[in-house]
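K.L.:
So I've got this file, model21.cif, and it contains mmCIF, C-alpha atoms:
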```cif
data_final
#
loop_
_atom_site.label_atom_id
_atom_site.label_comp_id
_atom_site.auth_asym_id
_atom_site.auth_seq_id
_atom_site.Cartn_x
_atom_site.Cartn_y
_atom_site.Cartn_z
CA MET H 199 58.74 -8.27 211.44
CA LYS H 200 57.84 -10.54 208.53
CA LEU H 201 54.22 -9.85 209.40
CA LEU H 202 54.50 -6.06 209.57
CA LYS H 203 54.20 -5.59 205.81
CA PHE H 204 50.93 -7.54 205.78
CA PHE H 205 49.66 -5.53 208.72
CA LEU H 206 50.41 -2.30 206.82
CA ILE H 207 48.68 -3.58 203.67
CA GLY H 208 45.74 -4.39 205.95
CA VAL H 209 45.72 -0.81 207.26
CA TYR H 210 45.49 0.41 203.66
CA PHE H 211 42.68 -2.08 202.95
CA GLY H 212 40.79 -0.99 206.07
CA VAL H 213 40.93 2.67 205.03
CA VAL H 214 39.71 1.81 201.52
CA LEU H 215 36.84 -0.35 202.86
CA ILE H 216 35.58 2.43 205.12
CA LYS H 217 36.21 5.43 202.87
CA GLY H 218 34.90 3.51 199.87
CA GLU H 219 31.63 2.88 201.78
CA VAL H 220 31.94 -0.83 200.93
CA VAL H 221 31.13 -1.47 204.61
CA SER H 222 27.78 0.31 204.42
CA TRP H 223 24.62 -1.79 204.76
CA PHE H 224 22.90 0.93 202.71
CA ARG H 225 25.37 0.53 199.83
CA ILE H 226 24.92 -3.27 199.76
CA GLN H 227 21.10 -3.11 199.71
CA GLU H 228 21.24 -0.31 197.12
CA MET H 229 23.40 -2.61 194.98
CA PHE H 230 21.10 -5.63 195.26
CA HIS H 231 18.14 -3.44 194.34
CA PHE H 232 19.95 -1.87 191.38
CA ARG H 233 19.30 1.60 192.77
CA SER H 234 22.82 2.89 192.07
CA PHE H 235 25.81 2.10 189.90
CA TYR H 236 28.22 2.81 192.77
CA MET H 237 29.00 -0.71 194.04
CA TYR H 238 29.04 -2.18 190.52
CA GLY H 239 31.54 0.52 189.54
CA VAL H 240 33.66 -0.29 192.60
CA LEU H 241 33.69 -4.07 192.10
CA GLY H 242 34.01 -3.83 188.31
CA SER H 243 36.94 -1.41 188.34
CA ALA H 244 38.63 -3.39 191.16
CA VAL H 245 38.49 -6.51 188.98
CA VAL H 246 39.77 -4.58 185.94
CA VAL H 247 42.78 -3.39 187.94
CA GLY H 248 43.30 -6.93 189.27
CA VAL H 249 43.11 -8.53 185.81
CA ILE H 250 45.56 -5.99 184.35
CA SER H 251 47.93 -6.45 187.31
CA VAL H 252 47.95 -10.24 186.92
CA ALA H 253 48.46 -9.92 183.14
CA LEU H 254 51.41 -7.56 183.68
CA ILE H 255 52.97 -9.85 186.30
CA ARG H 256 52.67 -12.74 183.81
CA ALA H 257 53.90 -10.81 180.76
CA LEU H 258 56.83 -9.09 182.47
CA LYS H 259 57.63 -12.15 184.63
CA ILE H 260 57.62 -9.87 187.66
CA ARG H 261 58.91 -11.64 190.76
CA SER H 262 57.90 -11.29 194.36
CA ARG H 263 60.05 -8.96 196.45
CA ASP H 264 61.95 -11.93 197.92
CA GLY H 265 62.82 -13.05 194.39
CA SER H 266 60.41 -16.00 194.29
CA GLU H 267 58.18 -16.74 191.31
CA ILE H 268 54.67 -15.37 191.92
CA LYS H 269 52.03 -18.10 192.31
CA LEU H 270 49.09 -17.40 190.00
CA ALA H 271 47.09 -20.63 190.16
CA GLY H 272 43.41 -20.04 190.94
CA LYS H 273 41.48 -21.85 193.66
CA PRO H 274 40.28 -25.36 192.83
CA PHE H 275 36.95 -25.50 190.98
CA ASN H 276 34.31 -27.24 193.12
CA LYS H 277 31.09 -27.08 191.14
CA VAL H 278 28.71 -27.77 194.01
CA GLY H 279 30.74 -26.08 196.75
CA ASN H 280 31.40 -22.87 194.83
CA LEU H 281 27.76 -22.46 193.84
CA THR H 282 26.00 -23.69 197.00
CA GLY H 283 28.47 -22.02 199.33
CA GLY H 284 28.29 -18.91 197.18
CA ILE H 285 24.50 -18.75 197.43
CA ILE H 286 24.58 -19.26 201.21
CA PHE H 287 27.23 -16.55 201.46
CA GLY H 288 25.00 -14.27 199.37
CA PHE H 289 22.12 -14.83 201.82
CA GLY H 290 24.38 -13.69 204.65
CA TRP H 291 25.91 -10.81 202.69
CA ALA H 292 22.44 -9.33 202.11
CA LEU H 293 21.21 -10.00 205.67
CA THR H 294 24.17 -8.42 207.44
CA GLY H 295 25.07 -5.96 204.68
CA ALA H 296 28.68 -7.00 205.26
CA CYS H 297 31.14 -9.52 203.84
CA PRO H 298 34.21 -10.68 205.82
CA GLY H 299 36.49 -7.67 205.15
CA PRO H 300 33.80 -5.23 206.35
CA LEU H 301 33.13 -7.40 209.44
CA TYR H 302 36.62 -6.57 210.69
CA ALA H 303 36.55 -3.00 209.39
CA LEU H 304 33.28 -2.25 211.20
CA LEU H 305 34.80 -3.56 214.41
CA GLY H 306 37.71 -1.16 213.98
CA ALA H 307 35.29 1.64 213.15
CA GLY H 308 33.57 1.12 216.52
CA TYR H 309 30.25 -0.38 215.36
CA TRP H 310 30.23 -2.80 218.27
CA ALA H 311 27.02 -4.53 217.17
CA ILE H 312 29.09 -6.13 214.43
CA LEU H 313 30.51 -8.42 217.13
CA LEU H 314 27.22 -10.32 216.80
CA ALA H 315 27.95 -10.91 213.11
CA ILE H 316 31.59 -11.83 213.81
CA ALA H 317 30.46 -14.33 216.46
CA GLY H 318 27.97 -15.69 213.92
CA ALA H 319 30.65 -15.95 211.22
CA LEU H 320 32.99 -17.86 213.55
CA ALA H 321 30.11 -20.18 214.51
CA GLY H 322 29.35 -20.68 210.81
CA THR H 323 33.00 -21.51 210.18
CA ILE H 324 33.00 -24.07 213.01
CA ALA H 325 29.76 -25.60 211.70
CA TYR H 326 31.28 -25.87 208.22
CA GLY H 327 34.48 -27.38 209.64
CA TYR H 328 32.52 -30.20 211.28
CA LEU H 329 30.07 -30.74 208.40
CA LYS H 330 32.68 -30.56 205.61
CA PRO H 331 33.23 -34.36 205.36
CA HIS H 332 29.46 -34.85 204.90
CA LEU H 333 28.80 -32.07 202.36
CA PRO H 334 28.96 -32.42 198.56
CA HIS H 335 31.70 -30.28 197.00
CA MET V 196 45.93 15.44 200.48
CA LEU V 197 44.17 14.96 203.81
CA ASP V 198 41.24 17.02 202.51
CA PHE V 199 41.00 14.81 199.46
CA LEU V 200 41.21 11.62 201.52
CA SER V 201 38.54 12.93 203.89
CA SER V 202 36.09 13.82 201.14
CA SER V 203 33.64 11.29 199.71
CA TRP V 204 35.39 8.95 197.24
CA PRO V 205 33.79 8.28 193.84
CA TRP V 206 33.61 4.65 192.66
CA TYR V 207 36.46 5.13 190.19
CA VAL V 208 38.76 5.96 193.10
CA THR V 209 37.54 3.26 195.50
CA GLY V 210 37.44 0.42 192.94
CA PRO V 211 41.00 0.74 191.57
CA LEU V 212 42.40 1.23 195.10
CA LEU V 213 40.61 -1.98 196.11
CA GLY V 214 41.94 -3.78 193.02
CA LEU V 215 45.49 -2.77 193.95
CA MET V 216 45.25 -5.23 196.85
CA VAL V 217 45.90 -7.96 194.25
CA PRO V 218 49.37 -6.81 193.01
CA LEU V 219 50.31 -5.43 196.46
CA LEU V 220 49.99 -8.82 198.15
CA LEU V 221 51.43 -10.75 195.19
CA ILE V 222 54.50 -8.57 194.84
CA VAL V 223 55.16 -7.75 198.48
CA GLY V 224 54.56 -11.22 199.88
CA ASN V 225 53.62 -13.67 197.09
CA LYS V 226 50.20 -14.08 198.73
CA GLN V 227 46.80 -14.25 197.08
CA PHE V 228 44.29 -11.72 198.42
CA GLY V 229 41.55 -13.23 200.58
CA VAL V 230 39.90 -12.48 203.90
CA SER V 231 37.52 -15.29 204.86
CA SER V 232 40.25 -17.90 205.47
CA SER V 233 41.10 -15.75 208.51
CA LEU V 234 37.90 -17.10 210.11
CA GLN V 235 39.30 -20.63 209.85
CA HIS V 236 42.70 -19.50 211.18
CA LEU V 237 41.08 -17.71 214.14
CA CYS V 238 39.13 -20.85 215.05
CA ALA V 239 42.20 -23.07 214.62
CA ALA V 240 44.34 -20.73 216.72
CA ALA V 241 41.95 -19.94 219.55
CA LEU V 242 39.63 -22.90 220.03
CA PRO V 243 40.22 -26.57 220.89
CA LEU V 244 38.30 -27.91 217.88
CA LYS V 245 38.64 -31.57 216.96
CA ALA V 246 37.51 -31.48 213.30
CA ALA V 247 40.27 -32.10 210.73
CA TYR V 248 39.41 -28.72 209.16
CA PHE V 249 41.04 -27.00 212.14
CA LYS V 250 44.06 -29.30 212.48
CA TYR V 251 46.77 -27.59 210.47
CA ASP V 252 49.66 -25.24 211.04
CA TRP V 253 47.71 -21.97 211.24
CA LYS V 254 50.93 -20.13 212.12
CA ALA V 255 52.04 -20.64 208.51
CA GLN V 256 49.02 -18.48 207.60
CA ALA V 257 49.67 -15.82 210.22
CA TRP V 258 50.13 -13.23 207.45
CA ASN V 259 46.36 -13.40 206.91
CA LEU V 260 45.71 -12.61 210.57
CA ALA V 261 48.21 -9.72 210.39
CA LEU V 262 46.25 -8.44 207.40
CA ILE V 263 42.94 -8.38 209.28
CA GLY V 264 44.64 -6.82 212.31
CA GLY V 265 45.66 -4.07 209.93
CA VAL V 266 42.10 -3.77 208.59
CA ILE V 267 40.82 -3.12 212.11
CA VAL V 268 43.42 -0.40 212.71
CA GLY V 269 42.98 1.11 209.23
CA ALA V 270 39.23 1.34 209.75
CA ALA V 271 39.76 3.07 213.10
CA ILE V 272 42.08 5.56 211.40
CA ALA V 273 39.58 6.18 208.58
CA VAL V 274 36.80 6.93 211.05
CA SER V 275 38.78 9.09 213.45
CA LEU V 276 40.98 11.05 211.02
CA LEU V 277 39.37 10.85 207.58
CA ASP V 278 35.66 11.40 208.28
CA GLY V 279 35.06 7.72 207.51
CA ALA V 280 31.66 7.46 209.18
CA ALA V 281 30.10 10.07 206.87
CA ALA V 282 26.77 9.11 205.29
CA PRO V 283 27.04 7.70 201.74
CA ALA V 284 25.44 9.77 198.98
CA LEU V 285 22.68 7.25 198.29
CA SER V 286 20.51 7.52 195.22
CA GLN V 287 17.09 9.09 195.70
CA SER V 288 15.35 5.85 194.73
CA ALA V 289 17.41 3.93 197.32
CA ARG V 290 16.41 6.47 199.99
CA GLU V 291 12.75 5.98 199.08
CA LEU V 292 13.19 2.21 199.23
CA PHE V 293 14.73 2.32 202.72
CA ALA V 294 12.04 4.74 203.91
CA SER V 295 9.42 2.27 202.67
CA TRP V 296 11.09 -0.42 204.83
CA GLY V 297 10.73 1.86 207.85
CA VAL V 298 14.46 2.63 208.06
CA ALA V 299 14.46 6.18 209.39
CA SER V 300 18.19 6.66 210.05
CA ILE V 301 19.28 7.07 206.44
CA ASP V 302 21.85 9.80 207.03
CA ALA V 303 24.59 7.65 208.49
CA LEU V 304 27.06 5.00 207.34
CA GLN V 305 24.94 2.28 208.97
CA PRO V 306 21.26 2.11 209.96
CA ALA V 307 20.70 2.69 213.69
CA GLU V 308 17.89 0.11 213.41
CA LEU V 309 20.60 -2.58 213.21
CA PHE V 310 23.73 -1.05 214.69
CA SER V 311 22.69 1.02 217.69
CA LEU V 312 23.42 -0.90 220.88
CA GLN V 313 19.90 -0.40 222.24
CA HIS V 314 18.67 -2.76 219.50
CA LEU V 315 21.47 -5.28 220.08
CA PHE V 316 19.31 -8.14 221.30
CA SER V 317 16.22 -7.33 219.25
CA THR V 318 14.89 -10.10 217.00
CA ARG V 319 15.86 -7.91 214.05
CA SER V 320 19.53 -7.67 215.04
CA LEU V 321 19.76 -11.32 216.01
CA VAL V 322 18.39 -12.43 212.65
CA ALA V 323 20.25 -9.89 210.51
CA LEU V 324 23.60 -9.84 212.32
CA LEU V 325 23.98 -13.09 214.28
CA PHE V 326 22.21 -15.43 211.84
CA GLY V 327 23.36 -13.40 208.82
CA GLY V 328 26.92 -13.62 210.13
CA PHE V 329 26.56 -17.38 210.51
CA LEU V 330 25.60 -17.65 206.83
CA VAL V 331 28.52 -15.41 205.84
CA GLY V 332 31.00 -17.64 207.67
CA PHE V 333 29.46 -20.95 206.62
CA GLY V 334 28.92 -19.89 203.01
CA ALA V 335 32.33 -18.29 202.54
CA ARG V 336 34.14 -21.37 203.79
CA TYR V 337 31.90 -23.74 201.81
CA ALA V 338 32.51 -21.65 198.68
CA GLY V 339 36.24 -21.47 199.45
CA GLY V 340 36.34 -17.67 199.53
CA CYS V 341 34.42 -14.44 199.84
CA THR V 342 34.15 -11.16 197.97
CA SER V 343 37.91 -10.62 198.33
CA GLY V 344 39.16 -14.10 197.49
CA HIS V 345 36.64 -14.94 194.75
CA ALA V 346 35.22 -11.67 193.38
CA VAL V 347 38.45 -9.63 193.39
CA MET V 348 41.35 -12.13 193.47
CA GLY V 349 39.68 -15.08 191.74
CA LEU V 350 38.15 -13.05 188.92
CA SER V 351 41.53 -11.32 188.44
CA LEU V 352 42.97 -14.80 187.80
CA LEU V 353 40.03 -15.54 185.43
CA SER V 354 39.24 -18.58 187.59
CA VAL V 355 36.05 -20.46 186.61
CA GLY V 356 35.31 -21.59 190.16
CA SER V 357 35.49 -18.00 191.38
CA LEU V 358 33.09 -16.87 188.65
CA VAL V 359 30.64 -19.59 189.72
CA ALA V 360 30.99 -18.51 193.36
CA VAL V 361 30.39 -14.84 192.49
CA ILE V 362 27.27 -15.79 190.52
CA GLY V 363 26.17 -17.63 193.67
CA PHE V 364 26.87 -14.54 195.82
CA PHE V 365 24.51 -12.51 193.65
CA ILE V 366 21.80 -15.20 193.37
CA GLY V 367 21.74 -15.47 197.18
CA GLY V 368 22.08 -11.75 197.79
CA LEU V 369 19.36 -10.75 195.34
CA LEU V 370 16.92 -13.31 196.76
CA VAL V 371 17.42 -12.31 200.38
CA SER V 372 17.70 -8.57 199.81
CA HIS V 373 14.41 -8.54 197.92
CA LEU V 374 12.40 -11.17 199.80
CA LEU V 375 13.74 -11.28 203.36
CA VAL V 376 15.49 -8.01 204.27
CA PRO V 377 12.29 -5.88 204.08
CA ILE V 378 10.58 -8.35 206.46
CA VAL V 379 13.55 -8.50 208.84
CA MET V 380 13.81 -4.71 208.99
CA ALA V 381 10.12 -4.53 209.95
CA LEU V 382 10.61 -6.93 212.91
#
```
Any chance you could put this one into structure tokens?

P.N.:
Amino acid sequence: MKLLKFFLIGVYFGVVLIKGEVVSWFRIQEMFHFRSFYMYGVLGSAVVVGVISVALIRALKIRSRDGSEIKLAGKPFNKVGNLTGGIIFGFGWALTGACPGPLYALLGAGYWAILLAIAGALAGTIAYGYLKPHLPH
Amino acid sequence: MLDFLSSSWPWYVTGPLLGLMVPLLLIVGNKQFGVSSSLQHLCAAALPLKAAYFKYDWKAQAWNLALIGGVIVGAAIAVSLLDGAAAPALSQSARELFASWGVASIDALQPAELFSLQHLFSTRSLVALLFGGFLVGFGARYAGGCTSGHAVMGLSLLSVGSLVAVIGFFIGGLLVSHLLVPIVMAL
């Protein structure tokens, strides 16, 4: 039952990804070719809401529902890993027109061809897992 | 309400609803929003992999798998009840661009050239989806996060590493979308 709340938040996220057209290959290519403001508006306003939310949680010392202090430390800064991994991710984002959230959403939406991309993403994860000790981060 | 949800959402509806994922997960479960770690958890849970990267207690991260289970169901709901597969209102210049790439199926959520099952094992689909997916998985784990974990959550925390990763996302995306995607779509 502990997991049910996360499942329900996921349902909400899945609806937003599909209805927001964030899953659309067309929207992603349109963004990278600067042919529309749409995706920039989506990502920009999402970050604005996120920044304000985090600031409010900090300022009002809002606690998590179980009473624990909310953890607001960012991910570790790995100069080479963040940039190199980021660029490689960008290659894939443009090629598939989908990032990880949309991979799952497109599966749920019945675009079965996305199973190819999911299989690829799992293979990429396995490759990274084995190469990690040999890569600069 | 249902009519509104089923209509096409403007960016200023979609973006804030997406951004709400940050406080939702923090307040409901004290979890930081992120999707791509689920790929690592799926591998750790389902496959007998020997690398140290997959030797950890993935069950402690089961919330992340519950989240993506929800995404799959939510997407199915959006498509079946809320007209989720409707074609985006693309800009005229984007439509002309896609036409110039030979993409004929513009009036859909996804191009049939990539997503219809009759093209599943075409060179185009294998490069764009299978190889593209490989780069998504490899790159997201190398970068330590994807659009959710770095662009939305990380930037919300004003994290420098996340900003660097997002700059990388756009360097890589711009290069491939301009130089490679038109060639791949012509395959």

K.L.:
Give as a list of chain:residue names the set of residues within 9 Å of the point (31.6, 4.4, 192.8), where distances use the file's coordinates and only C-alpha atoms.

P.N.:
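Result, sorted by chain then residue number: H:Gly218, H:Ser234, H:Phe235, H:Tyr236, H:Met237, H:Tyr238, H:Gly239, H:Val240, H:Leu241, V:Trp204, V:Pro205, V:Trp206, V:Tyr207, V:Val208, V:Thr209, V:Gly210.
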
K.L.:
List as a ChimeraX atom specification the protein and nucleic acid residues near Lys277 (chain H), meaning an atom at most 9 Å away when all atoms listed in the file are counted, but skip any in the same chain fewer than 6 places from it.

P.N.:
/H:335 /V:356,359-360

K.L.:
For the file shown, report as JSON, numbers by chain the outcome of the PyMOL selection byres ((chain V and resi 313-328) around 9) at residue level.

P.N.:
{"H": [287, 289, 290, 291, 292, 293, 294, 295, 296, 297, 298, 301, 311, 312, 313, 314, 315, 316, 317, 318, 319, 320, 321, 322], "V": [307, 308, 309, 310, 311, 312, 329, 330, 331, 332, 333, 376, 379, 380, 381, 382]}

K.L.:
With C-alpha atoms retained, write the just-selected residues as an mmCIF file, keeping the file's coordinate frame.

P.N.:
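Written file, out.cif:
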```cif
data_model
loop_
_atom_site.group_PDB
_atom_site.id
_atom_site.type_symbol
_atom_site.label_atom_id
_atom_site.label_comp_id
_atom_site.auth_asym_id
_atom_site.auth_seq_id
_atom_site.Cartn_x
_atom_site.Cartn_y
_atom_site.Cartn_z
ATOM 1 C CA PHE H 287 27.230 -16.550 201.460
ATOM 2 C CA PHE H 289 22.120 -14.830 201.820
ATOM 3 C CA GLY H 290 24.380 -13.690 204.650
ATOM 4 C CA TRP H 291 25.910 -10.810 202.690
ATOM 5 C CA ALA H 292 22.440 -9.330 202.110
ATOM 6 C CA LEU H 293 21.210 -10.000 205.670
ATOM 7 C CA THR H 294 24.170 -8.420 207.440
ATOM 8 C CA GLY H 295 25.070 -5.960 204.680
ATOM 9 C CA ALA H 296 28.680 -7.000 205.260
ATOM 10 C CA CYS H 297 31.140 -9.520 203.840
ATOM 11 C CA PRO H 298 34.210 -10.680 205.820
ATOM 12 C CA LEU H 301 33.130 -7.400 209.440
ATOM 13 C CA ALA H 311 27.020 -4.530 217.170
ATOM 14 C CA ILE H 312 29.090 -6.130 214.430
ATOM 15 C CA LEU H 313 30.510 -8.420 217.130
ATOM 16 C CA LEU H 314 27.220 -10.320 216.800
ATOM 17 C CA ALA H 315 27.950 -10.910 213.110
ATOM 18 C CA ILE H 316 31.590 -11.830 213.810
ATOM 19 C CA ALA H 317 30.460 -14.330 216.460
ATOM 20 C CA GLY H 318 27.970 -15.690 213.920
ATOM 21 C CA ALA H 319 30.650 -15.950 211.220
ATOM 22 C CA LEU H 320 32.990 -17.860 213.550
ATOM 23 C CA ALA H 321 30.110 -20.180 214.510
ATOM 24 C CA GLY H 322 29.350 -20.680 210.810
ATOM 25 C CA ALA V 307 20.700 2.690 213.690
ATOM 26 C CA GLU V 308 17.890 0.110 213.410
ATOM 27 C CA LEU V 309 20.600 -2.580 213.210
ATOM 28 C CA PHE V 310 23.730 -1.050 214.690
ATOM 29 C CA SER V 311 22.690 1.020 217.690
ATOM 30 C CA LEU V 312 23.420 -0.900 220.880
ATOM 31 C CA PHE V 329 26.560 -17.380 210.510
ATOM 32 C CA LEU V 330 25.600 -17.650 206.830
ATOM 33 C CA VAL V 331 28.520 -15.410 205.840
ATOM 34 C CA GLY V 332 31.000 -17.640 207.670
ATOM 35 C CA PHE V 333 29.460 -20.950 206.620
ATOM 36 C CA VAL V 376 15.490 -8.010 204.270
ATOM 37 C CA VAL V 379 13.550 -8.500 208.840
ATOM 38 C CA MET V 380 13.810 -4.710 208.990
ATOM 39 C CA ALA V 381 10.120 -4.530 209.950
ATOM 40 C CA LEU V 382 10.610 -6.930 212.910
#
```

K.L.:
Using all atoms listed in the file, collect all residues at a distance of at most 10 Å from (39.2, 14.6, 202.7) as written in the file, then present them as a count of residues only.

P.N.:
14

K.L.:
Grab the CA of Ile285 (chain H) to CA of His332 (chain H) distance for me, in Å with one decimal place.

P.N.:
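Pair CA of Ile285 (chain H) / CA of His332 (chain H) returns 18.4 Å.
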
K.L.:
Please write as a PyMOL selection string the full residue list that the PyMOL selection byres ((chain H and resi 248-251) around 6) yields on this file.

P.N.:
(chain H and resi 245-247+252-254) or (chain V and resi 214+217-218+351)

K.L.:
Determine, counting only C-alpha atoms, which protein, DNA and RNA residues have an atom within 12 Å of an atom of Ala240 (chain V); residues of the same chain fewer than 6 positions away are not included. Present the result as number ranges by chain.

P.N.:
V: 233-234, 249-257, 260

K.L.:
Could you turn the residues from that selection into a file that holds C-alpha atoms, as a PDB file, in the frame of the given file?

P.N.:
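Dumped to result26.pdb:
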```pdb
ATOM      1  CA  SER V 233      41.100 -15.750 208.510  1.00  0.00           C
ATOM      2  CA  LEU V 234      37.900 -17.100 210.110  1.00  0.00           C
ATOM      3  CA  PHE V 249      41.040 -27.000 212.140  1.00  0.00           C
ATOM      4  CA  LYS V 250      44.060 -29.300 212.480  1.00  0.00           C
ATOM      5  CA  TYR V 251      46.770 -27.590 210.470  1.00  0.00           C
ATOM      6  CA  ASP V 252      49.660 -25.240 211.040  1.00  0.00           C
ATOM      7  CA  TRP V 253      47.710 -21.970 211.240  1.00  0.00           C
ATOM      8  CA  LYS V 254      50.930 -20.130 212.120  1.00  0.00           C
ATOM      9  CA  ALA V 255      52.040 -20.640 208.510  1.00  0.00           C
ATOM     10  CA  GLN V 256      49.020 -18.480 207.600  1.00  0.00           C
ATOM     11  CA  ALA V 257      49.670 -15.820 210.220  1.00  0.00           C
ATOM     12  CA  LEU V 260      45.710 -12.610 210.570  1.00  0.00           C
TER      13      LEU V 260
END
```

K.L.:
What is the CA of Phe204 (chain H)-CA of Val347 (chain V) distance in Å, reported with one decimal?

P.N.:
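Result for CA of Phe204 (chain H) versus CA of Val347 (chain V): 17.7 Å, one decimal.
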
K.L.:
Counting all atoms listed in the file, which residue out of H:Glu267, H:Arg256, H:Lys200, H:Gly283 sits closest to chain V?

P.N.:
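Result for the nearest residue to chain V: H:Gly283.
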